[in-house]
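Shown next: model_34.txt, containing compact mmCIF, C-alpha atoms.
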```txt
# COMPACT_ATOMS: atom_id res chain seq x y z
CA MET A 1 60.57 -21.57 -48.61
CA PHE A 2 57.62 -22.37 -50.88
CA GLU A 3 57.47 -24.18 -54.21
CA PRO A 4 58.88 -21.86 -56.90
CA PRO A 5 55.56 -21.00 -58.64
CA VAL A 6 53.98 -20.10 -55.29
CA GLN A 7 57.05 -18.11 -54.19
CA HIS A 8 57.05 -16.26 -57.52
CA LEU A 9 53.40 -15.27 -57.08
CA ILE A 10 54.09 -14.13 -53.49
CA ASP A 11 56.98 -11.97 -54.78
CA GLU A 12 54.79 -10.41 -57.47
CA LEU A 13 51.94 -9.72 -55.03
CA ALA A 14 54.36 -8.19 -52.51
CA ARG A 15 55.33 -5.59 -55.14
CA LEU A 16 51.83 -4.12 -55.00
CA PRO A 17 51.42 -0.99 -52.86
CA GLY A 18 50.22 -1.66 -49.31
CA ILE A 19 50.73 -5.44 -49.61
CA GLY A 20 53.46 -6.75 -47.30
CA ARG A 21 55.06 -10.19 -47.41
CA LYS A 22 52.56 -11.70 -44.99
CA SER A 23 49.53 -10.38 -46.90
CA ALA A 24 51.09 -11.53 -50.18
CA GLN A 25 51.49 -15.02 -48.72
CA ARG A 26 47.89 -15.01 -47.53
CA LEU A 27 46.62 -13.86 -50.93
CA ALA A 28 48.72 -16.44 -52.80
CA PHE A 29 47.35 -19.29 -50.68
CA HIS A 30 43.85 -17.89 -51.11
CA LEU A 31 44.32 -18.00 -54.89
CA LEU A 32 45.63 -21.54 -54.53
CA ASN A 33 42.54 -22.65 -52.62
CA VAL A 34 39.74 -20.98 -54.60
CA GLU A 35 38.17 -22.49 -57.70
CA GLU A 36 40.61 -22.40 -60.61
CA ALA A 37 38.07 -20.36 -62.62
CA ASP A 38 38.10 -17.60 -59.97
CA ALA A 39 41.89 -17.33 -60.00
CA VAL A 40 42.02 -17.31 -63.79
CA ARG A 41 39.32 -14.61 -63.93
CA LEU A 42 41.49 -12.30 -61.82
CA ALA A 43 44.52 -12.95 -64.04
CA GLU A 44 42.43 -12.28 -67.15
CA ALA A 45 40.94 -9.08 -65.68
CA ILE A 46 44.45 -7.67 -65.20
CA LYS A 47 45.45 -8.49 -68.78
CA VAL A 48 42.18 -7.31 -70.35
CA MET A 49 42.39 -4.00 -68.51
CA ARG A 50 45.93 -3.42 -69.74
CA THR A 51 45.10 -4.25 -73.35
CA SER A 52 41.66 -2.61 -73.67
CA VAL A 53 42.16 0.56 -71.68
CA GLN A 54 44.09 3.61 -72.82
CA LEU A 55 44.41 7.28 -71.88
CA CYS A 56 41.88 9.71 -73.33
CA GLU A 57 43.52 11.70 -76.13
CA ARG A 58 41.94 14.91 -74.91
CA CYS A 59 42.02 14.82 -71.09
CA PHE A 60 44.25 11.80 -70.19
CA ASN A 61 41.49 10.15 -68.18
CA VAL A 62 41.21 6.36 -68.43
CA ALA A 63 39.30 5.56 -71.62
CA ALA A 64 37.95 2.48 -73.39
CA GLU A 65 37.93 4.42 -76.69
CA VAL A 66 40.07 7.23 -78.14
CA GLU A 67 38.25 9.71 -75.90
CA CYS A 68 36.90 8.97 -72.42
CA ALA A 69 33.19 8.75 -71.58
CA ILE A 70 33.19 12.26 -70.08
CA CYS A 71 34.83 13.94 -73.09
CA ARG A 72 32.40 12.10 -75.41
CA ASP A 73 29.37 13.25 -73.37
CA VAL A 74 27.99 16.32 -75.22
CA ARG A 75 25.88 17.31 -72.20
CA ARG A 76 29.01 18.21 -70.22
CA ASP A 77 29.81 21.93 -70.08
CA PRO A 78 32.95 22.48 -72.18
CA THR A 79 33.64 25.96 -70.74
CA VAL A 80 34.74 24.69 -67.28
CA LEU A 81 37.80 22.48 -66.90
CA CYS A 82 38.62 20.74 -63.64
CA VAL A 83 42.34 19.99 -63.45
CA VAL A 84 43.31 16.96 -61.30
CA GLU A 85 46.56 15.17 -60.54
CA ARG A 86 45.51 11.61 -61.29
CA ALA A 87 42.75 9.86 -63.25
CA GLN A 88 41.33 8.22 -60.09
CA ASP A 89 40.61 11.69 -58.64
CA ILE A 90 37.91 12.09 -61.31
CA ALA A 91 35.82 9.27 -59.80
CA VAL A 92 35.77 11.00 -56.39
CA LEU A 93 34.78 14.33 -57.93
CA GLU A 94 32.08 12.69 -60.07
CA LYS A 95 30.60 11.10 -56.92
CA THR A 96 29.88 14.59 -55.52
CA GLN A 97 27.55 15.25 -58.49
CA GLU A 98 28.52 18.92 -58.09
CA PHE A 99 30.44 19.28 -61.32
CA SER A 100 29.14 19.13 -64.87
CA GLY A 101 32.19 20.40 -66.74
CA ARG A 102 35.11 18.44 -68.14
CA TYR A 103 38.42 17.28 -66.70
CA HIS A 104 42.11 17.43 -67.46
CA VAL A 105 44.51 14.96 -65.82
CA LEU A 106 48.01 16.35 -65.27
CA GLY A 107 49.55 13.00 -64.39
CA GLY A 108 50.99 14.26 -61.09
CA ALA A 109 51.97 17.49 -59.35
CA ILE A 110 55.02 19.73 -59.56
CA SER A 111 57.61 18.38 -57.12
CA PRO A 112 61.22 19.59 -57.36
CA ILE A 113 62.25 16.95 -54.78
CA GLU A 114 60.97 14.11 -56.97
CA GLY A 115 62.25 15.82 -60.12
CA VAL A 116 58.77 16.48 -61.50
CA GLY A 117 58.56 19.80 -63.35
CA PRO A 118 55.78 21.20 -65.56
CA ASP A 119 57.35 19.48 -68.59
CA GLN A 120 56.68 16.06 -67.07
CA LEU A 121 52.97 16.92 -66.69
CA HIS A 122 50.29 17.41 -69.35
CA MET A 123 50.57 21.23 -69.14
CA ARG A 124 51.18 21.91 -72.81
CA GLU A 125 48.06 19.94 -73.73
CA LEU A 126 46.10 21.94 -71.13
CA VAL A 127 47.18 25.26 -72.66
CA ALA A 128 46.20 23.97 -76.12
CA ARG A 129 42.76 22.94 -74.82
CA VAL A 130 42.18 26.30 -73.08
CA GLU A 131 42.98 28.09 -76.32
CA ALA A 132 40.99 25.75 -78.59
CA GLU A 133 37.91 24.91 -76.52
CA ASN A 134 36.63 28.37 -75.39
CA VAL A 135 37.36 27.48 -71.75
CA GLU A 136 36.20 30.20 -69.33
CA GLU A 137 37.21 28.71 -65.98
CA VAL A 138 39.91 26.29 -64.89
CA ILE A 139 39.42 24.76 -61.43
CA ALA A 140 42.71 23.68 -59.86
CA ALA A 141 41.58 20.51 -58.03
CA THR A 142 45.07 19.29 -57.22
CA ASN A 143 45.62 17.93 -53.67
CA PRO A 144 45.89 20.48 -50.81
CA THR A 145 49.57 19.58 -50.32
CA VAL A 146 52.74 21.58 -50.93
CA GLU A 147 53.05 19.99 -54.37
CA GLY A 148 49.37 20.43 -55.23
CA ASP A 149 49.38 24.07 -54.06
CA THR A 150 52.55 24.76 -56.07
CA THR A 151 50.91 23.24 -59.13
CA ALA A 152 47.79 25.36 -58.61
CA MET A 153 49.91 28.54 -58.40
CA TYR A 154 51.72 27.48 -61.56
CA LEU A 155 48.36 26.99 -63.32
CA LYS A 156 47.36 30.52 -62.31
CA ARG A 157 50.58 32.01 -63.73
CA LEU A 158 50.35 29.86 -66.87
CA LEU A 159 46.68 30.37 -67.72
CA GLY A 160 45.92 33.78 -66.20
CA PRO A 161 47.54 35.66 -69.12
CA LEU A 162 45.24 33.77 -71.51
CA GLY A 163 42.25 35.55 -69.97
CA VAL A 164 40.82 32.45 -68.30
CA LYS A 165 39.56 32.45 -64.70
CA VAL A 166 41.67 30.11 -62.53
CA THR A 167 40.02 28.96 -59.26
CA ARG A 168 41.17 26.67 -56.46
CA ILE A 169 39.02 24.16 -54.52
CA ALA A 170 38.48 25.25 -50.91
CA SER A 171 40.61 24.05 -48.00
CA GLY A 172 39.00 23.96 -44.56
CA LEU A 173 37.40 21.76 -41.95
CA PRO A 174 35.87 18.51 -43.22
CA VAL A 175 32.10 18.24 -42.77
CA GLY A 176 31.37 16.57 -39.44
CA GLY A 177 34.82 17.56 -38.19
CA ASP A 178 35.69 19.12 -34.86
CA LEU A 179 37.58 22.40 -34.36
CA ASP A 180 39.31 20.82 -31.40
CA TYR A 181 40.95 18.19 -33.58
CA ALA A 182 41.78 20.40 -36.58
CA ASP A 183 45.45 21.16 -37.22
CA GLU A 184 46.37 24.85 -37.19
CA ILE A 185 47.18 25.06 -40.91
CA THR A 186 43.77 23.66 -41.92
CA LEU A 187 42.03 25.92 -39.40
CA GLY A 188 44.04 28.89 -40.71
CA ARG A 189 42.88 28.12 -44.23
CA ALA A 190 39.28 27.70 -43.06
CA LEU A 191 39.48 31.20 -41.53
CA ALA A 192 41.15 32.74 -44.56
CA GLY A 193 38.58 31.13 -46.86
CA ARG A 194 35.53 32.21 -44.82
CA ARG A 195 32.40 33.22 -46.72
CA GLU A 196 29.60 35.60 -45.87
CA LEU A 197 26.39 33.86 -44.81
CA MET B 1 31.78 4.79 -62.30
CA PHE B 2 34.94 3.59 -64.11
CA GLU B 3 35.43 2.19 -67.59
CA PRO B 4 34.11 -1.41 -67.65
CA PRO B 5 37.53 -3.19 -67.83
CA VAL B 6 38.79 -1.14 -64.86
CA GLN B 7 35.57 -1.71 -62.91
CA HIS B 8 35.75 -5.43 -63.63
CA LEU B 9 39.31 -5.60 -62.28
CA ILE B 10 38.28 -3.63 -59.17
CA ASP B 11 35.42 -6.11 -58.61
CA GLU B 12 37.76 -9.09 -58.93
CA LEU B 13 40.38 -7.57 -56.61
CA ALA B 14 37.71 -6.74 -54.03
CA ARG B 15 36.83 -10.46 -53.81
CA LEU B 16 40.26 -11.18 -52.31
CA PRO B 17 40.38 -11.55 -48.50
CA GLY B 18 41.30 -8.36 -46.65
CA ILE B 19 40.96 -6.18 -49.76
CA GLY B 20 38.12 -3.65 -49.52
CA ARG B 21 36.66 -1.58 -52.35
CA LYS B 22 39.02 1.34 -51.76
CA SER B 23 42.13 -0.86 -51.71
CA ALA B 24 40.90 -2.69 -54.81
CA GLN B 25 40.52 0.67 -56.58
CA ARG B 26 44.01 1.71 -55.51
CA LEU B 27 45.51 -1.60 -56.70
CA ALA B 28 43.67 -1.42 -60.03
CA PHE B 29 45.00 2.07 -60.74
CA HIS B 30 48.45 0.97 -59.65
CA LEU B 31 48.28 -1.86 -62.21
CA LEU B 32 47.09 0.65 -64.78
CA ASN B 33 50.05 2.94 -64.15
CA VAL B 34 52.94 0.45 -63.91
CA GLU B 35 54.81 -0.88 -66.93
CA GLU B 36 52.62 -3.25 -68.93
CA ALA B 37 55.25 -6.01 -68.42
CA ASP B 38 54.88 -5.75 -64.63
CA ALA B 39 51.09 -6.10 -64.77
CA VAL B 40 51.27 -9.01 -67.19
CA ARG B 41 53.87 -10.74 -64.99
CA LEU B 42 51.45 -10.71 -62.06
CA ALA B 43 48.63 -12.10 -64.22
CA GLU B 44 50.94 -14.82 -65.53
CA ALA B 45 52.19 -15.69 -62.03
CA ILE B 46 48.60 -16.39 -60.94
CA LYS B 47 47.94 -18.63 -63.94
CA VAL B 48 51.28 -20.46 -63.77
CA MET B 49 50.79 -21.18 -60.08
CA ARG B 50 47.36 -22.65 -60.71
CA THR B 51 48.51 -24.84 -63.59
CA SER B 52 51.90 -25.98 -62.28
CA VAL B 53 51.13 -26.52 -58.62
CA GLN B 54 49.22 -29.46 -57.16
CA LEU B 55 48.74 -31.09 -53.78
CA CYS B 56 51.35 -33.63 -52.65
CA GLU B 57 49.91 -37.15 -53.04
CA ARG B 58 51.32 -38.17 -49.70
CA CYS B 59 50.91 -35.21 -47.32
CA PHE B 60 48.67 -32.69 -49.21
CA ASN B 61 51.29 -29.95 -49.00
CA VAL B 62 51.68 -27.69 -52.05
CA ALA B 63 53.85 -29.52 -54.57
CA ALA B 64 55.41 -28.83 -57.95
CA GLU B 65 55.66 -32.60 -58.58
CA VAL B 66 53.61 -35.62 -57.52
CA GLU B 67 55.19 -35.40 -54.06
CA CYS B 68 56.25 -32.19 -52.30
CA ALA B 69 59.86 -31.22 -51.66
CA ILE B 70 59.68 -32.31 -48.01
CA CYS B 71 58.27 -35.79 -48.78
CA ARG B 72 60.92 -36.23 -51.49
CA ASP B 73 63.74 -35.26 -49.10
CA VAL B 74 65.21 -38.57 -47.86
CA ARG B 75 67.04 -36.80 -45.01
CA ARG B 76 63.74 -36.02 -43.27
CA ASP B 77 62.85 -38.35 -40.39
CA PRO B 78 59.89 -40.50 -41.52
CA THR B 79 59.04 -41.66 -37.99
CA VAL B 80 57.67 -38.27 -36.82
CA LEU B 81 54.63 -36.71 -38.50
CA CYS B 82 53.55 -33.14 -37.79
CA VAL B 83 49.83 -32.70 -38.51
CA VAL B 84 48.74 -29.18 -39.51
CA GLU B 85 45.47 -27.62 -40.61
CA ARG B 86 46.65 -25.83 -43.75
CA ALA B 87 49.61 -26.07 -46.14
CA GLN B 88 50.76 -22.53 -45.28
CA ASP B 89 51.31 -23.61 -41.66
CA ILE B 90 54.22 -25.77 -42.86
CA ALA B 91 56.24 -22.70 -43.90
CA VAL B 92 55.96 -21.20 -40.39
CA LEU B 93 57.01 -24.47 -38.75
CA GLU B 94 59.91 -24.89 -41.19
CA LYS B 95 61.16 -21.40 -40.29
CA THR B 96 61.68 -22.52 -36.68
CA GLN B 97 64.25 -25.09 -37.89
CA GLU B 98 63.18 -27.20 -34.91
CA PHE B 99 61.54 -30.01 -36.85
CA SER B 100 63.13 -32.53 -39.16
CA GLY B 101 60.23 -34.94 -39.61
CA ARG B 102 57.47 -34.91 -42.20
CA TYR B 103 54.07 -33.25 -42.38
CA HIS B 104 50.46 -34.11 -43.00
CA VAL B 105 47.97 -31.40 -44.02
CA LEU B 106 44.40 -32.06 -42.85
CA GLY B 107 42.84 -29.32 -44.97
CA GLY B 108 41.12 -27.68 -41.98
CA ALA B 109 39.95 -28.52 -38.46
CA ILE B 110 36.90 -30.27 -37.09
CA SER B 111 34.14 -27.69 -36.73
CA PRO B 112 30.53 -28.84 -36.23
CA ILE B 113 29.34 -25.23 -36.65
CA GLU B 114 30.85 -25.00 -40.13
CA GLY B 115 29.81 -28.56 -40.92
CA VAL B 116 33.39 -29.85 -41.08
CA GLY B 117 33.70 -33.39 -39.71
CA PRO B 118 36.61 -35.85 -39.86
CA ASP B 119 35.34 -37.12 -43.23
CA GLN B 120 35.94 -33.72 -44.83
CA LEU B 121 39.57 -33.79 -43.66
CA HIS B 122 42.48 -36.00 -44.80
CA MET B 123 42.12 -38.29 -41.77
CA ARG B 124 41.80 -41.57 -43.65
CA GLU B 125 45.03 -40.85 -45.52
CA LEU B 126 46.71 -40.04 -42.19
CA VAL B 127 45.71 -43.42 -40.70
CA ALA B 128 47.00 -45.17 -43.83
CA ARG B 129 50.34 -43.34 -43.53
CA VAL B 130 50.70 -44.13 -39.82
CA GLU B 131 50.15 -47.81 -40.60
CA ALA B 132 52.38 -47.92 -43.68
CA GLU B 133 55.28 -45.62 -42.81
CA ASN B 134 56.40 -46.88 -39.36
CA VAL B 135 55.38 -43.61 -37.74
CA GLU B 136 56.28 -43.46 -34.03
CA GLU B 137 55.02 -39.99 -33.10
CA VAL B 138 52.27 -37.74 -34.45
CA ILE B 139 52.49 -34.09 -33.37
CA ALA B 140 49.10 -32.36 -33.41
CA ALA B 141 50.13 -28.87 -34.57
CA THR B 142 46.60 -27.64 -35.23
CA ASN B 143 45.79 -24.11 -34.04
CA PRO B 144 45.23 -23.58 -30.29
CA THR B 145 41.55 -22.82 -30.90
CA VAL B 146 38.40 -24.74 -29.97
CA GLU B 147 38.41 -26.35 -33.42
CA GLY B 148 42.14 -27.11 -33.36
CA ASP B 149 41.97 -28.57 -29.85
CA THR B 150 38.98 -30.71 -30.82
CA THR B 151 40.89 -31.98 -33.84
CA ALA B 152 43.93 -32.79 -31.65
CA MET B 153 41.73 -34.79 -29.24
CA TYR B 154 40.21 -36.61 -32.21
CA LEU B 155 43.72 -37.47 -33.48
CA LYS B 156 44.57 -38.93 -30.05
CA ARG B 157 41.45 -41.11 -30.06
CA LEU B 158 41.98 -42.13 -33.69
CA LEU B 159 45.70 -42.92 -33.59
CA GLY B 160 46.28 -43.93 -29.95
CA PRO B 161 44.87 -47.45 -30.49
CA LEU B 162 47.40 -47.92 -33.33
CA GLY B 163 50.22 -47.73 -30.76
CA VAL B 164 51.56 -44.37 -31.98
CA LYS B 165 52.51 -41.55 -29.58
CA VAL B 166 50.27 -38.50 -30.15
CA THR B 167 51.65 -35.18 -28.81
CA ARG B 168 50.30 -31.61 -28.82
CA ILE B 169 52.33 -28.42 -29.36
CA ALA B 170 52.56 -26.34 -26.18
CA SER B 171 50.22 -23.45 -25.39
CA GLY B 172 51.54 -20.69 -23.14
CA LEU B 173 52.95 -17.20 -23.04
CA PRO B 174 54.61 -16.00 -26.24
CA VAL B 175 58.35 -15.29 -25.89
CA GLY B 176 58.83 -11.62 -25.02
CA GLY B 177 55.27 -11.49 -23.66
CA ASP B 178 54.11 -10.01 -20.40
CA LEU B 179 52.13 -11.87 -17.69
CA ASP B 180 50.18 -8.68 -17.11
CA TYR B 181 48.78 -8.73 -20.62
CA ALA B 182 48.17 -12.48 -20.93
CA ASP B 183 44.55 -13.66 -20.97
CA GLU B 184 43.58 -16.06 -18.21
CA ILE B 185 43.08 -19.06 -20.51
CA THR B 186 46.57 -18.75 -21.99
CA LEU B 187 48.07 -18.20 -18.53
CA GLY B 188 46.15 -21.23 -17.23
CA ARG B 189 47.60 -23.35 -20.02
CA ALA B 190 51.09 -21.99 -19.34
CA LEU B 191 50.73 -23.11 -15.69
CA ALA B 192 49.29 -26.51 -16.54
CA GLY B 193 52.07 -27.07 -19.11
CA ARG B 194 54.93 -26.05 -16.75
CA ARG B 195 58.21 -27.95 -17.02
CA GLU B 196 60.88 -28.70 -14.43
CA LEU B 197 64.01 -26.56 -14.89
```
Whole structure given in structure tokens:
Amino acid sequence: MFEPPVQHLIDELARLPGIGRKSAQRLAFHLLNVEEADAVRLAEAIKVMRTSVQLCERCFNVAAEVECAICRDVRRDPTVLCVVERAQDIAVLEKTQEFSGRYHVLGGAISPIEGVGPDQLHMRELVARVEAENVEEVIAATNPTVEGDTTAMYLKRLLGPLGVKVTRIASGLPVGGDLDYADEITLGRALAGRREL
Amino acid sequence: MFEPPVQHLIDELARLPGIGRKSAQRLAFHLLNVEEADAVRLAEAIKVMRTSVQLCERCFNVAAEVECAICRDVRRDPTVLCVVERAQDIAVLEKTQEFSGRYHVLGGAISPIEGVGPDQLHMRELVARVEAENVEEVIAATNPTVEGDTTAMYLKRLLGPLGVKVTRIASGLPVGGDLDYADEITLGRALAGRREL
């Protein structure tokens, strides 16, 4: 349909998540019409990110050095570890400014359907950190899904015997939400997780 | 928030049309997690397209050579020219398989508000083609918008005196549409453009 180099770019763009064929076509023609420097800058940014970024040796967060900025920061409390599924979850948690401990990225959640067991996640490294870093509390901040809940339960069984406190982030109604629109499972969890005022 | 190379990529992605900050973040982490070869292939596709693709000397379509594939195709009827606003419009028209003539890309439509006059469009080149290529009909296939309609009227005034037939693509109800949901301007055009059965 299009000239081969344009068609090739459309094909590559359409492989990105959430980008359909029509959007890919629109993006390709946008990149054809902008200043050449702008298009090249995007191409370079992709390459530079892939060559200059690695996973933190300690927590598997995205890192520009051997360890990520959070692990290098000595002001962060080393006794509390927040366990997340993916590196991008850290940014959302950091935005809350409610947490001053460190993180550990599992790289996913336990999912028998997708063939992901504890061995495919960074569980062994987590156990080693709990034993080596005087960790007192591990917060299971995996997603409130079947897979995330399963992973949280697994963390409890795995780390409980080591004498560390394992906690789970709260499930309940979102702030500004409406009881009328809440699904019954969320509302059930909000009830079960009620706190004394 | 993120490591500088990741943040830089997010910023570049967010400059693309229809990509917000959240989507840009999601795409950046996707490119971080896929095989390095896949990410590099996308970066290369952008660069290759910009270096290997140019505008057709004759019709301003996207071209891998001096002239585009359609202008080089001797089986295309040279006596009918379809005038479009942008190069990507050609692909949609080609998909209909209803047109066997050639194209001319204006590079936009006349829009006094955006400061686009006939001099900013490839009008002079169109007149030269009409005079040199024995063109008998020019189809104004600009968008059915105020700007596109204005441009079509301008084409009529510009090319009519040269003895060439200037036609306009039909406006009306889309196939599969419903009279009940049609706006009055579209329905008015459908009435005015009625044909004998």
Could you give me, as a Markdown table, a per-residue list for chain A showing, wherever an atom lies at most 6 Å from an atom of chain B, the closest pair of atoms and their distance in Å to one decimal, using only C-alpha atoms and sorting by chain then residue number from low to high?
```
| residue | atom | partner | partner_atom | distance |
| --- | --- | --- | --- | --- |
| A:Pro5 | CA | B:Met49 | CA | 5.0 |
| A:Val6 | CA | B:Met49 | CA | 5.9 |
| A:Leu9 | CA | B:Ala45 | CA | 5.1 |
| A:Glu12 | CA | B:Leu42 | CA | 5.7 |
| A:Leu42 | CA | B:Glu12 | CA | 5.7 |
| A:Ala43 | CA | B:Ala43 | CA | 4.2 |
| A:Ala45 | CA | B:Leu9 | CA | 5.1 |
| A:Met49 | CA | B:Pro5 | CA | 5.0 |
```
query: In terms of the shortest atom-to-atom distance over only C-alpha atoms, which of B:Gly101, B:Gly107, B:Pro161, B:Pro112 is closest to Ile139 in chain B?
result: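 Of the candidates, the smallest distance to Ile139 in chain B is held by B:Gly101.
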Taken to one decimal, the CA of Val127 in chain A-CA of Gly163 in chain A distance is 11.7 Å
Quiz item: So how many Å separate CA of Glu184 in chain A and CA of Pro144 in chain A, to one decimal?
Solution: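 A separation of 14.3 Å between them.
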Centre and edges of the range 87-99 of chain B box, axis-aligned, 3 Å extra per side, as JSON:
```
{"center_x": 56.9, "center_y": -25.6, "center_z": -40.5, "size_x": 20.6, "size_y": 14.8, "size_z": 17.2}
```
Around the point (46.5, -43.0, -40.9), in the coordinates given by the file, pick out the residues reaching within 12 Å, counting only C-alpha atoms, and return them as a PDB file with C-alpha atoms, in the frame of the given file.
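What landed in selection_31.pdb:
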```pdb
ATOM      1  CA  ARG B  58      51.320 -38.170 -49.700  1.00  0.00           C
ATOM      2  CA  CYS B  59      50.910 -35.210 -47.320  1.00  0.00           C
ATOM      3  CA  LEU B  81      54.630 -36.710 -38.500  1.00  0.00           C
ATOM      4  CA  VAL B  83      49.830 -32.700 -38.510  1.00  0.00           C
ATOM      5  CA  HIS B 104      50.460 -34.110 -43.000  1.00  0.00           C
ATOM      6  CA  LEU B 106      44.400 -32.060 -42.850  1.00  0.00           C
ATOM      7  CA  LEU B 121      39.570 -33.790 -43.660  1.00  0.00           C
ATOM      8  CA  HIS B 122      42.480 -36.000 -44.800  1.00  0.00           C
ATOM      9  CA  MET B 123      42.120 -38.290 -41.770  1.00  0.00           C
ATOM     10  CA  ARG B 124      41.800 -41.570 -43.650  1.00  0.00           C
ATOM     11  CA  GLU B 125      45.030 -40.850 -45.520  1.00  0.00           C
ATOM     12  CA  LEU B 126      46.710 -40.040 -42.190  1.00  0.00           C
ATOM     13  CA  VAL B 127      45.710 -43.420 -40.700  1.00  0.00           C
ATOM     14  CA  ALA B 128      47.000 -45.170 -43.830  1.00  0.00           C
ATOM     15  CA  ARG B 129      50.340 -43.340 -43.530  1.00  0.00           C
ATOM     16  CA  VAL B 130      50.700 -44.130 -39.820  1.00  0.00           C
ATOM     17  CA  GLU B 131      50.150 -47.810 -40.600  1.00  0.00           C
ATOM     18  CA  ALA B 132      52.380 -47.920 -43.680  1.00  0.00           C
ATOM     19  CA  GLU B 133      55.280 -45.620 -42.810  1.00  0.00           C
ATOM     20  CA  ASN B 134      56.400 -46.880 -39.360  1.00  0.00           C
ATOM     21  CA  VAL B 135      55.380 -43.610 -37.740  1.00  0.00           C
ATOM     22  CA  GLU B 136      56.280 -43.460 -34.030  1.00  0.00           C
ATOM     23  CA  GLU B 137      55.020 -39.990 -33.100  1.00  0.00           C
ATOM     24  CA  VAL B 138      52.270 -37.740 -34.450  1.00  0.00           C
ATOM     25  CA  LEU B 155      43.720 -37.470 -33.480  1.00  0.00           C
ATOM     26  CA  LYS B 156      44.570 -38.930 -30.050  1.00  0.00           C
ATOM     27  CA  LEU B 158      41.980 -42.130 -33.690  1.00  0.00           C
ATOM     28  CA  LEU B 159      45.700 -42.920 -33.590  1.00  0.00           C
ATOM     29  CA  GLY B 160      46.280 -43.930 -29.950  1.00  0.00           C
ATOM     30  CA  PRO B 161      44.870 -47.450 -30.490  1.00  0.00           C
ATOM     31  CA  LEU B 162      47.400 -47.920 -33.330  1.00  0.00           C
ATOM     32  CA  GLY B 163      50.220 -47.730 -30.760  1.00  0.00           C
ATOM     33  CA  VAL B 164      51.560 -44.370 -31.980  1.00  0.00           C
TER      34      VAL B 164
END
```
Close residues, Ile169 in chain A itself excluded, 10 Å, all atoms listed in the file, min 5 positions apart in chain, as a PDB file with C-alpha atoms, in the frame of the given file:
```pdb
ATOM      1  CA  CYS A  82      38.620  20.740 -63.640  1.00  0.00           C
ATOM      2  CA  ILE A 139      39.420  24.760 -61.430  1.00  0.00           C
ATOM      3  CA  ALA A 140      42.710  23.680 -59.860  1.00  0.00           C
ATOM      4  CA  ALA A 141      41.580  20.510 -58.030  1.00  0.00           C
ATOM      5  CA  THR A 142      45.070  19.290 -57.220  1.00  0.00           C
ATOM      6  CA  ASN A 143      45.620  17.930 -53.670  1.00  0.00           C
ATOM      7  CA  PRO A 144      45.890  20.480 -50.810  1.00  0.00           C
ATOM      8  CA  ALA A 152      47.790  25.360 -58.610  1.00  0.00           C
TER       9      ALA A 152
END
```
Record the distance separating CA of Arg189 in chain B and CA of Met153 in chain B, expressed in Å with one decimal.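 These atoms are spaced 15.8 Å apart.
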Extract, using all atoms listed in the file, all DNA, RNA and protein residues at most 8 Å from Ala190 in chain B, discarding same-chain residues fewer than 2 positions from it, and format them as a VMD selection string. chain B and resid 171 to 173 186 to 188 192 to 194
(message) For a quick check of understanding, using only C-alpha atoms, which of B:Arg195, B:Gly176, B:Pro78, B:Val84 has the smallest distance to Asp149 in chain B?
(response)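 Going through B:Arg195, B:Gly176, B:Pro78, B:Val84 one by one, the smallest distance to Asp149 in chain B is for B:Val84.
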